[in-house]
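Asks: Pasting run-v5.pdb below, which is PDB, C-alpha atoms.
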ATOM      1  CA  ALA A   1     244.187  13.351 102.555  1.00  0.00           C
ATOM      2  CA  ARG A   2     242.797  16.648 101.293  1.00  0.00           C
ATOM      3  CA  VAL A   3     243.106  16.818  97.521  1.00  0.00           C
ATOM      4  CA  ASN A   4     242.529  20.020  95.583  1.00  0.00           C
ATOM      5  CA  PRO A   5     241.888  20.460  91.853  1.00  0.00           C
ATOM      6  CA  LEU A   6     244.983  21.874  90.216  1.00  0.00           C
ATOM      7  CA  LEU A   7     246.475  20.112  87.241  1.00  0.00           C
ATOM      8  CA  ALA A   8     245.265  19.798  83.673  1.00  0.00           C
ATOM      9  CA  GLY A   9     243.132  16.683  83.163  1.00  0.00           C
ATOM     10  CA  GLN A  10     243.578  14.133  85.914  1.00  0.00           C
ATOM     11  CA  ILE A  11     246.772  12.706  87.370  1.00  0.00           C
ATOM     12  CA  ALA A  12     246.828   9.654  89.608  1.00  0.00           C
ATOM     13  CA  PHE A  13     249.712   9.478  92.070  1.00  0.00           C
ATOM     14  CA  GLY A  14     249.529   6.751  94.657  1.00  0.00           C
ATOM     15  CA  SER A  15     246.032   6.942  96.123  1.00  0.00           C
ATOM     16  CA  ALA A  16     245.611  10.636  95.272  1.00  0.00           C
ATOM     17  CA  LEU A  17     243.740  11.956  92.260  1.00  0.00           C
ATOM     18  CA  ILE A  18     243.973  15.578  91.180  1.00  0.00           C
ATOM     19  CA  SER A  19     241.471  17.073  88.757  1.00  0.00           C
ATOM     20  CA  CYS A  20     241.252  20.420  87.023  1.00  0.00           C
ATOM     21  CA  SER A  21     237.815  19.992  85.508  1.00  0.00           C
ATOM     22  CA  PHE A  22     236.060  22.832  87.296  1.00  0.00           C
ATOM     23  CA  VAL A  23     236.615  26.480  88.213  1.00  0.00           C
ATOM     24  CA  PRO A  24     237.832  28.655  89.871  1.00  0.00           C
ATOM     25  CA  TRP A  25     241.184  26.868  89.555  1.00  0.00           C
ATOM     26  CA  SER A  26     243.663  27.391  86.729  1.00  0.00           C
ATOM     27  CA  CYS A  27     246.140  24.744  85.773  1.00  0.00           C
ATOM     28  CA  GLY A  28     249.910  24.904  86.144  1.00  0.00           C
ATOM     29  CA  GLY A  29     252.527  22.160  86.217  1.00  0.00           C
ATOM     30  CA  ALA A  30     253.988  19.557  88.540  1.00  0.00           C
ATOM     31  CA  SER A  31     257.360  18.048  89.362  1.00  0.00           C
ATOM     32  CA  CYS A  32     258.087  14.879  91.352  1.00  0.00           C
ATOM     33  CA  PRO A  33     261.702  14.557  92.522  1.00  0.00           C
ATOM     34  CA  SER A  34     260.893  11.208  94.171  1.00  0.00           C
ATOM     35  CA  ARG A  35     258.106   8.628  94.476  1.00  0.00           C
ATOM     36  CA  THR A  36     256.972  10.188  97.746  1.00  0.00           C
ATOM     37  CA  SER A  37     257.348  13.881  96.897  1.00  0.00           C
ATOM     38  CA  CYS A  38     255.661  16.145  94.314  1.00  0.00           C
ATOM     39  CA  VAL A  39     255.066  19.870  93.960  1.00  0.00           C
ATOM     40  CA  ALA A  40     252.266  21.285  91.786  1.00  0.00           C
ATOM     41  CA  VAL A  41     251.597  24.949  90.994  1.00  0.00           C
ATOM     42  CA  GLY A  42     248.622  26.890  89.686  1.00  0.00           C
ATOM     43  CA  ALA A  43     246.268  29.672  90.696  1.00  0.00           C
ATOM     44  CA  TYR A  44     242.815  30.183  92.182  1.00  0.00           C
ATOM     45  CA  GLU A  45     240.358  33.038  91.878  1.00  0.00           C
ATOM     46  CA  LEU A  46     239.816  35.365  94.819  1.00  0.00           C
ATOM     47  CA  ASP A  47     237.826  38.608  94.611  1.00  0.00           C
ATOM     48  CA  GLY A  48     238.214  38.702  90.848  1.00  0.00           C
ATOM     49  CA  ARG A  49     241.964  38.132  90.883  1.00  0.00           C
ATOM     50  CA  GLU A  50     244.083  35.066  90.162  1.00  0.00           C
ATOM     51  CA  VAL A  51     246.179  34.155  93.209  1.00  0.00           C
ATOM     52  CA  PRO A  52     249.237  31.885  92.772  1.00  0.00           C
ATOM     53  CA  MET A  53     249.430  28.737  94.873  1.00  0.00           C
ATOM     54  CA  ALA A  54     251.288  25.467  95.298  1.00  0.00           C
ATOM     55  CA  GLU A  55     250.340  22.030  96.566  1.00  0.00           C
ATOM     56  CA  THR A  56     252.996  19.727  98.023  1.00  0.00           C
ATOM     57  CA  TRP A  57     252.586  15.942  98.077  1.00  0.00           C
ATOM     58  CA  LEU A  58     254.754  14.389 100.773  1.00  0.00           C
ATOM     59  CA  ASP A  59     254.441  10.896 102.248  1.00  0.00           C
ATOM     60  CA  GLY A  60     250.854  10.435 101.071  1.00  0.00           C
ATOM     61  CA  GLU A  61     249.446  13.844 102.035  1.00  0.00           C
ATOM     62  CA  TRP A  62     248.738  16.995 100.004  1.00  0.00           C
ATOM     63  CA  SER A  63     249.305  20.357 101.696  1.00  0.00           C
ATOM     64  CA  PHE A  64     248.547  23.885 100.473  1.00  0.00           C
ATOM     65  CA  GLN A  65     251.148  26.643 100.230  1.00  0.00           C
ATOM     66  CA  ALA A  66     250.604  30.220  99.079  1.00  0.00           C
ATOM     67  CA  LEU A  67     253.069  31.539  96.524  1.00  0.00           C
ATOM     68  CA  PRO A  68     254.377  35.054  97.232  1.00  0.00           C
ATOM     69  CA  PHE A  69     253.245  37.897  95.012  1.00  0.00           C
ATOM     70  CA  PRO A  70     255.702  39.815  92.824  1.00  0.00           C
ATOM     71  CA  ALA A  71     256.469  43.392  93.878  1.00  0.00           C
ATOM     72  CA  GLN A  72     254.081  44.906  91.306  1.00  0.00           C
ATOM     73  CA  THR A  73     251.041  42.662  91.156  1.00  0.00           C
ATOM     74  CA  GLY A  74     248.171  43.284  88.759  1.00  0.00           C
ATOM     75  CA  GLU A  75     244.970  41.314  88.255  1.00  0.00           C
ATOM     76  CA  GLN A  76     246.554  38.043  87.143  1.00  0.00           C
ATOM     77  CA  VAL A  77     249.497  35.956  88.343  1.00  0.00           C
ATOM     78  CA  ALA A  78     249.788  32.635  86.521  1.00  0.00           C
ATOM     79  CA  PRO A  79     252.368  29.991  87.498  1.00  0.00           C
ATOM     80  CA  THR A  80     252.832  27.855  84.383  1.00  0.00           C
ATOM     81  CA  GLY A  81     255.600  25.450  85.333  1.00  0.00           C
ATOM     82  CA  VAL A  82     257.712  24.071  88.163  1.00  0.00           C
ATOM     83  CA  SER A  83     260.820  21.932  88.426  1.00  0.00           C
ATOM     84  CA  CYS A  84     262.314  20.336  91.526  1.00  0.00           C
ATOM     85  CA  ALA A  85     265.950  19.236  91.587  1.00  0.00           C
ATOM     86  CA  GLY A  86     265.252  17.473  94.877  1.00  0.00           C
ATOM     87  CA  GLU A  87     262.830  17.460  97.775  1.00  0.00           C
ATOM     88  CA  GLY A  88     262.350  21.045  98.973  1.00  0.00           C
ATOM     89  CA  ALA A  89     264.422  22.542  96.136  1.00  0.00           C
ATOM     90  CA  CYS A  90     262.061  23.834  93.425  1.00  0.00           C
ATOM     91  CA  LEU A  91     261.683  26.730  91.020  1.00  0.00           C
ATOM     92  CA  SER A  92     258.310  27.889  89.695  1.00  0.00           C
ATOM     93  CA  VAL A  93     257.915  30.185  86.678  1.00  0.00           C
ATOM     94  CA  GLY A  94     255.044  31.941  84.937  1.00  0.00           C
ATOM     95  CA  TYR A  95     253.848  35.441  84.233  1.00  0.00           C
ATOM     96  CA  GLU A  96     251.744  38.240  85.642  1.00  0.00           C
ATOM     97  CA  ARG A  97     249.790  41.040  84.054  1.00  0.00           C
ATOM     98  CA  ASN A  98     250.821  44.119  85.963  1.00  0.00           C
ATOM     99  CA  SER A  99     248.711  47.157  86.768  1.00  0.00           C
ATOM    100  CA  SER A 100     249.237  48.413  83.191  1.00  0.00           C
ATOM    101  CA  GLY A 101     248.070  45.141  81.693  1.00  0.00           C
ATOM    102  CA  ILE A 102     251.589  44.241  80.523  1.00  0.00           C
ATOM    103  CA  ARG A 103     252.646  40.595  80.757  1.00  0.00           C
ATOM    104  CA  VAL A 104     255.966  40.161  82.603  1.00  0.00           C
ATOM    105  CA  PRO A 105     257.807  36.998  83.708  1.00  0.00           C
ATOM    106  CA  VAL A 106     257.702  35.902  87.357  1.00  0.00           C
ATOM    107  CA  SER A 107     259.445  33.217  89.380  1.00  0.00           C
ATOM    108  CA  ASP A 108     259.286  31.770  92.890  1.00  0.00           C
ATOM    109  CA  ARG A 109     261.867  29.576  94.603  1.00  0.00           C
ATOM    110  CA  LEU A 110     261.209  26.885  97.221  1.00  0.00           C
ATOM    111  CA  SER A 111     264.061  26.462  99.688  1.00  0.00           C
ATOM    112  CA  ALA A 112     264.166  25.344 103.313  1.00  0.00           C
ATOM    113  CA  GLY A 113     260.400  24.791 103.249  1.00  0.00           C
ATOM    114  CA  ALA A 114     259.457  28.337 102.210  1.00  0.00           C
ATOM    115  CA  TRP A 115     258.663  30.030  98.885  1.00  0.00           C
ATOM    116  CA  SER A 116     260.251  33.378  98.016  1.00  0.00           C
ATOM    117  CA  VAL A 117     260.160  35.618  94.940  1.00  0.00           C
ATOM    118  CA  SER A 118     263.091  35.191  92.572  1.00  0.00           C
ATOM    119  CA  PRO A 119     263.067  38.566  90.772  1.00  0.00           C
ATOM    120  CA  ILE A 120     263.229  38.467  86.973  1.00  0.00           C
ATOM    121  CA  GLY A 121     262.578  41.436  84.706  1.00  0.00           C
ATOM    122  CA  LEU A 122     261.643  41.872  81.068  1.00  0.00           C
ATOM    123  CA  PRO A 123     264.349  40.789  78.612  1.00  0.00           C
ATOM    124  CA  SER A 124     266.108  43.564  76.704  1.00  0.00           C
ATOM    125  CA  GLY A 125     264.126  44.896  73.772  1.00  0.00           C
ATOM    126  CA  ALA A 126     260.858  43.234  74.794  1.00  0.00           C
ATOM    127  CA  THR A 127     257.592  45.014  75.531  1.00  0.00           C
ATOM    128  CA  GLU A 128     256.088  41.892  77.156  1.00  0.00           C
ATOM    129  CA  ALA A 129     257.271  38.405  78.098  1.00  0.00           C
ATOM    130  CA  GLY A 130     256.127  35.272  79.881  1.00  0.00           C
ATOM    131  CA  LEU A 131     257.621  31.943  80.926  1.00  0.00           C
ATOM    132  CA  GLU A 132     255.862  28.671  80.104  1.00  0.00           C
ATOM    133  CA  GLY A 133     258.193  25.897  81.267  1.00  0.00           C
ATOM    134  CA  VAL A 134     261.270  25.240  83.412  1.00  0.00           C
ATOM    135  CA  SER A 135     263.746  22.442  84.048  1.00  0.00           C
ATOM    136  CA  CYS A 136     266.322  22.308  86.861  1.00  0.00           C
ATOM    137  CA  SER A 137     269.458  20.240  86.324  1.00  0.00           C
ATOM    138  CA  SER A 138     270.535  20.915  89.916  1.00  0.00           C
ATOM    139  CA  ALA A 139     269.477  22.894  92.973  1.00  0.00           C
ATOM    140  CA  SER A 140     271.556  25.834  91.727  1.00  0.00           C
ATOM    141  CA  GLU A 141     270.760  25.863  88.002  1.00  0.00           C
ATOM    142  CA  CYS A 142     267.507  25.947  86.005  1.00  0.00           C
ATOM    143  CA  MET A 143     266.534  26.922  82.478  1.00  0.00           C
ATOM    144  CA  ALA A 144     263.127  28.431  81.703  1.00  0.00           C
ATOM    145  CA  VAL A 145     261.503  29.107  78.335  1.00  0.00           C
ATOM    146  CA  GLY A 146     258.541  31.027  76.983  1.00  0.00           C
ATOM    147  CA  LEU A 147     257.982  33.975  74.686  1.00  0.00           C
ATOM    148  CA  LYS A 148     258.769  37.661  74.422  1.00  0.00           C
ATOM    149  CA  VAL A 149     256.961  40.331  72.417  1.00  0.00           C
ATOM    150  CA  THR A 150     259.109  42.669  70.342  1.00  0.00           C
ATOM    151  CA  GLY A 151     258.452  46.328  69.610  1.00  0.00           C
ATOM    152  CA  SER A 152     256.822  45.322  66.306  1.00  0.00           C
ATOM    153  CA  GLY A 153     254.390  43.059  68.167  1.00  0.00           C
ATOM    154  CA  ALA A 154     255.950  39.762  67.021  1.00  0.00           C
ATOM    155  CA  GLU A 155     256.196  36.879  69.493  1.00  0.00           C
ATOM    156  CA  ARG A 156     259.700  35.376  69.674  1.00  0.00           C
ATOM    157  CA  PRO A 157     261.219  32.454  71.638  1.00  0.00           C
ATOM    158  CA  TYR A 158     262.617  33.457  75.039  1.00  0.00           C
ATOM    159  CA  ALA A 159     264.941  31.593  77.407  1.00  0.00           C
ATOM    160  CA  ALA A 160     266.095  32.570  80.894  1.00  0.00           C
ATOM    161  CA  LEU A 161     268.875  30.886  82.874  1.00  0.00           C
ATOM    162  CA  TRP A 162     268.746  30.819  86.684  1.00  0.00           C
ATOM    163  CA  ARG A 163     272.173  30.106  88.159  1.00  0.00           C
ATOM    164  CA  ASN A 164     273.092  30.500  91.831  1.00  0.00           C
ATOM    165  CA  GLY A 165     270.168  32.845  92.426  1.00  0.00           C
ATOM    166  CA  THR A 166     270.715  35.134  89.436  1.00  0.00           C
ATOM    167  CA  TRP A 167     268.755  35.297  86.165  1.00  0.00           C
ATOM    168  CA  THR A 168     270.472  35.877  82.807  1.00  0.00           C
ATOM    169  CA  VAL A 169     269.152  35.690  79.228  1.00  0.00           C
ATOM    170  CA  PRO A 170     271.145  33.392  76.946  1.00  0.00           C
ATOM    171  CA  ALA A 171     271.027  33.958  73.197  1.00  0.00           C
ATOM    172  CA  ILE A 172     268.455  31.862  71.387  1.00  0.00           C
ATOM    173  CA  LYS A 173     267.896  31.449  67.673  1.00  0.00           C
ATOM    174  CA  SER A 174     264.544  32.516  66.286  1.00  0.00           C
ATOM    175  CA  PRO A 175     262.890  30.662  63.422  1.00  0.00           C
ATOM    176  CA  GLU A 176     261.799  32.489  60.290  1.00  0.00           C
ATOM    177  CA  ALA A 177     258.155  32.148  61.356  1.00  0.00           C
ATOM    178  CA  ALA A 178     256.191  35.332  61.999  1.00  0.00           C
ATOM    179  CA  ASN A 179     255.567  34.245  65.608  1.00  0.00           C
ATOM    180  CA  ALA A 180     257.105  31.517  67.765  1.00  0.00           C
ATOM    181  CA  ILE A 181     256.911  30.313  71.350  1.00  0.00           C
ATOM    182  CA  LEU A 182     258.665  27.700  73.485  1.00  0.00           C
ATOM    183  CA  GLU A 183     256.340  25.840  75.862  1.00  0.00           C
ATOM    184  CA  GLY A 184     258.342  23.032  77.459  1.00  0.00           C
ATOM    185  CA  ILE A 185     261.940  22.159  78.304  1.00  0.00           C
ATOM    186  CA  SER A 186     264.015  19.315  79.727  1.00  0.00           C
ATOM    187  CA  CYS A 187     267.617  19.660  80.953  1.00  0.00           C
ATOM    188  CA  PRO A 188     269.330  16.357  81.836  1.00  0.00           C
ATOM    189  CA  SER A 189     272.489  18.296  82.759  1.00  0.00           C
ATOM    190  CA  ALA A 190     273.724  21.865  83.215  1.00  0.00           C
ATOM    191  CA  SER A 191     275.191  21.830  79.706  1.00  0.00           C
ATOM    192  CA  SER A 192     272.328  20.170  77.839  1.00  0.00           C
ATOM    193  CA  CYS A 193     268.691  21.228  77.337  1.00  0.00           C
ATOM    194  CA  VAL A 194     266.017  20.643  74.705  1.00  0.00           C
ATOM    195  CA  ALA A 195     263.030  22.992  74.438  1.00  0.00           C
ATOM    196  CA  VAL A 196     259.931  22.517  72.296  1.00  0.00           C
ATOM    197  CA  GLY A 197     257.140  24.749  71.079  1.00  0.00           C
ATOM    198  CA  PHE A 198     255.751  25.947  67.773  1.00  0.00           C
ATOM    199  CA  GLY A 199     256.100  28.626  65.131  1.00  0.00           C
ATOM    200  CA  GLU A 200     253.319  30.266  63.143  1.00  0.00           C
ATOM    201  CA  SER A 201     253.639  31.774  59.674  1.00  0.00           C
ATOM    202  CA  ALA A 202     252.042  35.044  58.586  1.00  0.00           C
ATOM    203  CA  ALA A 203     249.340  32.912  56.926  1.00  0.00           C
ATOM    204  CA  GLY A 204     248.538  31.239  60.242  1.00  0.00           C
ATOM    205  CA  VAL A 205     250.195  27.892  59.495  1.00  0.00           C
ATOM    206  CA  LYS A 206     251.746  26.314  62.597  1.00  0.00           C
ATOM    207  CA  ALA A 207     254.774  24.039  62.712  1.00  0.00           C
ATOM    208  CA  ALA A 208     256.614  22.259  65.524  1.00  0.00           C
ATOM    209  CA  LEU A 209     259.709  23.979  66.903  1.00  0.00           C
ATOM    210  CA  ALA A 210     262.653  22.562  68.864  1.00  0.00           C
ATOM    211  CA  GLU A 211     265.704  24.339  70.268  1.00  0.00           C
ATOM    212  CA  SER A 212     268.778  22.740  71.882  1.00  0.00           C
ATOM    213  CA  TRP A 213     271.187  24.202  74.444  1.00  0.00           C
ATOM    214  CA  ASN A 214     274.663  22.706  74.711  1.00  0.00           C
TER     215      ASN A 214
END
Could you render the structure from this file as structure tokens?

Replies:
Amino acid sequence: ARVNPLLAGQIAFGSALISCSFVPWSCGGASCPSRTSCVAVGAYELDGREVPMAETWLDGEWSFQALPFPAQTGEQVAPTGVSCAGEGACLSVGYERNSSGIRVPVSDRLSAGAWSVSPIGLPSGATEAGLEGVSCSSASECMAVGLKVTGSGAERPYAALWRNGTWTVPAIKSPEAANAILEGISCPSASSCVAVGFGESAAGVKAALAESWN
């Protein structure tokens, strides 16, 4: 089987070993809906640009798939997480830096064997935003988390709900920290999620952060 470097560190799955110890690969995330099926996402460098990609592990073989570009692609597109509710039903999230250098959230959906862009814009009141993690409780519902940058330049927690093909932004409480970000999430059901990250005070002191959705 052809194995490409993609994930952070090394992950052994069956007889396959994936490493992300050398360039020009950047590391994303992976999701395994079964013992014989996994999807991993990341990016590789091509002509000075980061190009999003996916690798699918199915029945002992890895195969490469290109991820589609957003409509306005800049110099960097970075998939940061993926979640699969079942084989062939996945959602990848991340961010891109557009032609103006602004970070905006991006998402791709895997359905019927093909990836397609799932359009998601900047949340209201944000000058920049990016998604860091995602969890799908079913093939029709996923929750993603990350950060958004306010007009004052502060980084605040950001959540986005994907339901039946449409993105919405649920309200999320912000800690009193000067900056905060959510980096990972797990949703055992459509009505229950826990997200984790960290907050940072004005003095640079960091503390763990957890948010629950129910």

Asks: Set the distance at 10 Å and use all atoms listed in the file: which residues neighbour A:Trp115 once local chain neighbours fewer than 2 positions away are removed? I'd like the list as a PyMOL selection string.

Replies: chain A and resi 54+65-68+88-92+108-113+117-118

Asks: Could those selected residues go to a file with C-alpha atoms, as a PDB file, keeping the file's coordinate frame?

Replies:
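Everything below was put into out_39.pdb:
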ATOM      1  CA  ALA A  54     251.288  25.467  95.298  1.00  0.00           C
ATOM      2  CA  GLN A  65     251.148  26.643 100.230  1.00  0.00           C
ATOM      3  CA  ALA A  66     250.604  30.220  99.079  1.00  0.00           C
ATOM      4  CA  LEU A  67     253.069  31.539  96.524  1.00  0.00           C
ATOM      5  CA  PRO A  68     254.377  35.054  97.232  1.00  0.00           C
ATOM      6  CA  GLY A  88     262.350  21.045  98.973  1.00  0.00           C
ATOM      7  CA  ALA A  89     264.422  22.542  96.136  1.00  0.00           C
ATOM      8  CA  CYS A  90     262.061  23.834  93.425  1.00  0.00           C
ATOM      9  CA  LEU A  91     261.683  26.730  91.020  1.00  0.00           C
ATOM     10  CA  SER A  92     258.310  27.889  89.695  1.00  0.00           C
ATOM     11  CA  ASP A 108     259.286  31.770  92.890  1.00  0.00           C
ATOM     12  CA  ARG A 109     261.867  29.576  94.603  1.00  0.00           C
ATOM     13  CA  LEU A 110     261.209  26.885  97.221  1.00  0.00           C
ATOM     14  CA  SER A 111     264.061  26.462  99.688  1.00  0.00           C
ATOM     15  CA  ALA A 112     264.166  25.344 103.313  1.00  0.00           C
ATOM     16  CA  GLY A 113     260.400  24.791 103.249  1.00  0.00           C
ATOM     17  CA  VAL A 117     260.160  35.618  94.940  1.00  0.00           C
ATOM     18  CA  SER A 118     263.091  35.191  92.572  1.00  0.00           C
TER      19      SER A 118
END

Asks: When distances are computed from all atoms listed in the file, which of A:Trp213, A:Gln76, A:Pro157, A:Met143 shows the smallest separation from A:Ile181?

Replies: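 Of the candidates, the smallest distance to A:Ile181 is held by A:Pro157.
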
Asks: Find the axis-aligned box for stretch 159-178 of chain A, covering all its listed atoms and adding 6 Å on each side, and write its centre and edge lengths in Å to one decimal as JSON.

Replies:
{"center_x": 264.6, "center_y": 33.0, "center_z": 76.4, "size_x": 28.9, "size_y": 17.8, "size_z": 44.1}

Asks: Can you turn the PyMOL selection byres ((chain A and resi 119-129) around 7) into a concrete residue list for this file, as a PyMOL selection string?

Replies: chain A and resi 102-107+117-118+130+147-151+167

Asks: On this structure, which residues satisfy the PyMOL selection byres ((chain A and resi 169) around 8), written as a PyMOL selection string?

Replies: chain A and resi 123+159-161+167-168+170-171

Asks: Within 9 Å of stretch 93-96 of chain A, which residues of stretch 128-187 of chain A show up? Give each one with its shortest atom-to-atom distance in Å (one decimal) and the two atoms involved, counting only C-alpha atoms, rows by chain then rising residue number, as CSV.

Replies:
residue,atom,partner,partner_atom,distance
A:Ala129,CA,A:Tyr95,CA,7.6
A:Gly130,CA,A:Tyr95,CA,4.9
A:Leu131,CA,A:Gly94,CA,4.8
A:Glu132,CA,A:Gly94,CA,5.9
A:Gly133,CA,A:Val93,CA,6.9
A:Val134,CA,A:Val93,CA,6.8
A:Ala144,CA,A:Val93,CA,7.4
A:Gly146,CA,A:Gly94,CA,8.7

Asks: Taking the file above as input, evaluate the PyMOL selection byres ((chain A and resi 209) around 6) and report the hits as number ranges by chain.

Replies: A: 196-198, 208, 210

Asks: To one decimal place in Å, what is the distance between atom CA of A:Val39 and atom CA of A:Met53?

Replies: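 These atoms are spaced 10.5 Å apart.
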
Asks: Report the distance between atom CA of A:Ser135 and atom CA of A:Cys27 in Å, rounded to one decimal place.

Replies: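 For atom CA of A:Ser135 relative to atom CA of A:Cys27, the distance reads 17.8 Å.
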
Asks: Counting all atoms listed in the file, figure out which residue out of A:Ala180, A:Ala43, A:Ile172, A:Ala78 gets nearest to A:Gly199.

Replies: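 Checking each candidate against A:Gly199, we get A:Ala180 as the closest.
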
Asks: Please, what distance in Å, to one decimal, runs between atom CA of A:Cys32 and atom CA of A:Cys84?

Replies: 6.9 Å

Asks: Find the residue from A:Ala203, A:Ala85, A:Cys193, A:Val77 that sits nearest to A:Pro52; use all atoms listed in the file when measuring.

Replies: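 Distance minimum relative to A:Pro52 lands on A:Val77.
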
Asks: Tell me, as a PyMOL selection string, which residues lie within 8 Å of A:Val194, counting all atoms listed in the file; anything in the same chain fewer than 6 positions away does not count.

Replies: chain A and resi 185-187+210-213
